[in-house]
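Q: Sharing a structure here in structure tokens format.
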Amino acid sequence: GPDTVPFAGLRRHARALGIGAVLLLGVVLLVPDITPRPSDLPPVQLVYGRIVEVLAGTSPSEPDVRIQVIEGIPGGPASGDIVDGFLQGPNGLEAQPDFVLGDEVIVSISTDPDAGFVAVNDRYRVPTLALLLGLFAVAVTVVGGWRGVRSLIALALTLAVVVRIVVPLILAGWNPAWVAIAAASGVTLTTFLLTEGARRQTVAAVAGTALSLSLVAVLATVFDALARF
């Protein structure tokens with residue numbers, strides 16, 4: 001029967017999947033980076049590195065770890081450089097995690113020449129998080145089928161809009177409430193169309209959501225002015 005045919009239902013969902021993929025690629029590849037850039041280097045930059053040696057420091061003021069930089073930064077160490085630093089951990093010196101030789105780590109490097117420091121902040125967890133994300137995508141696909149795939153594309157599009165458009169505009173000084181309302185309305189409309197299809201109920205749901213969000217934005221703006229936050 002049709003339920004046993006591999007990729008059954010793809011034709012029915014192909015249009016939504018294609019449109020969603022095009023929108024996602026458009027936001028990621030075509031929207032320019034509009035994040036405001038500081039005129040000077042930030043006082044602290046994060047670097048991806050690997051612990052290559054644990055040093056036997058004789059005092060707290062001496063470095064206790066040697067790190068090989070995997071991805072360099074402008075104005076700082078280049079890829080492949082070896083730097084000495086301190087094991088600090090995410091909660092400061094009093095809560096050091098158990099780092100070992102070979103750990104891939106996130107390192108804070110000061111760009112201040114008068115008060116420079118190198119400190120291991122935390123483990124580099126991108127591969128683990130990517131595995132978790134992959135398992136989540138597989139689970140959604142198995143449970144939801146092609147509708148699950150459409151939902152994943154809609155979720156990815158939402159995250160891309162937030163990272164590439166919403167946050168940079170807010171950092172550039174745009175009104176956060178109205179930026180959030182415009183982005184939420186557009187993302188909601190697109191998400192509903194991708195997951196539910198172009199139906200009268202979908203349009204009604206999107207219109208109601210947009211009106212509610214607009215009312216919230218108006219109230220937030222008015223009471224923000226009255227309270228002088």
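Going through the structure tokens in order, the chains are called A, B, and so on, while each chain numbers its residues from 1 and the ligands are numbered from 1 in the order shown.
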Just asking: which residues within chain A are helix (DSSP H, G or I) according to DSSP, as a VMD selection string?

A: chain A and resid 2 to 4 10 to 30 93 to 95 126 to 171 176 to 196 200 to 227

Q: Please provide as an MDAnalysis selection string all residues within 10 Å of region 175-178 of chain A, with the sequence filter that same-chain residues fewer than 5 positions apart are discarded (counting only C-alpha atoms).

A: chainID A and resid 166:167 169:170 183:184 213:214 216:218 220:221

Q: Could you pull out the strand (DSSP E or B) residues of region 27-144 of chain A, going by DSSP on the backbone, and write them as a PyMOL selection string?

A: chain A and resi 44-54+65-71+82-87+104-110+118-123

Q: For Glu196 (chain A), which residue among A:Ser212, A:Ser151, A:Gln88, A:Gln45 is the nearest when counting only C-alpha atoms?

A: A:Ser151

Q: May I ask which of the residues A:Ile51, A:Leu24, A:Val162, A:Leu189 is the closest one to Ala204 (chain A), counting only C-alpha atoms?

A: A:Leu189

Q: A:Leu135, A:Leu101, A:Leu87, A:Ile106: which is nearest Gly72 (chain A), counting only C-alpha atoms?

A: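 So, comparing all the options, the nearest one is A:Ile106.
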
Q: Closest to Asp122 (chain A) among A:Leu46, A:Ala182, A:Val28, A:Leu152, using only C-alpha atoms?

A: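 Checking each of A:Leu46, A:Ala182, A:Val28, A:Leu152 against Asp122 (chain A), counting only C-alpha atoms, the winner is A:Leu46.
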
Q: CA of Ala130 (chain A) to CA of Val149 (chain A): how many Å, to one decimal?

A: 17.3 Å

Q: Would you mind listing what lies within 12 Å of region 14-22 of chain A as a PyMOL selection string, with only C-alpha atoms counted and same-chain residues fewer than 4 positions away left out?

A: chain A and resi 7-10+26-30+146-158+160+187+190-198
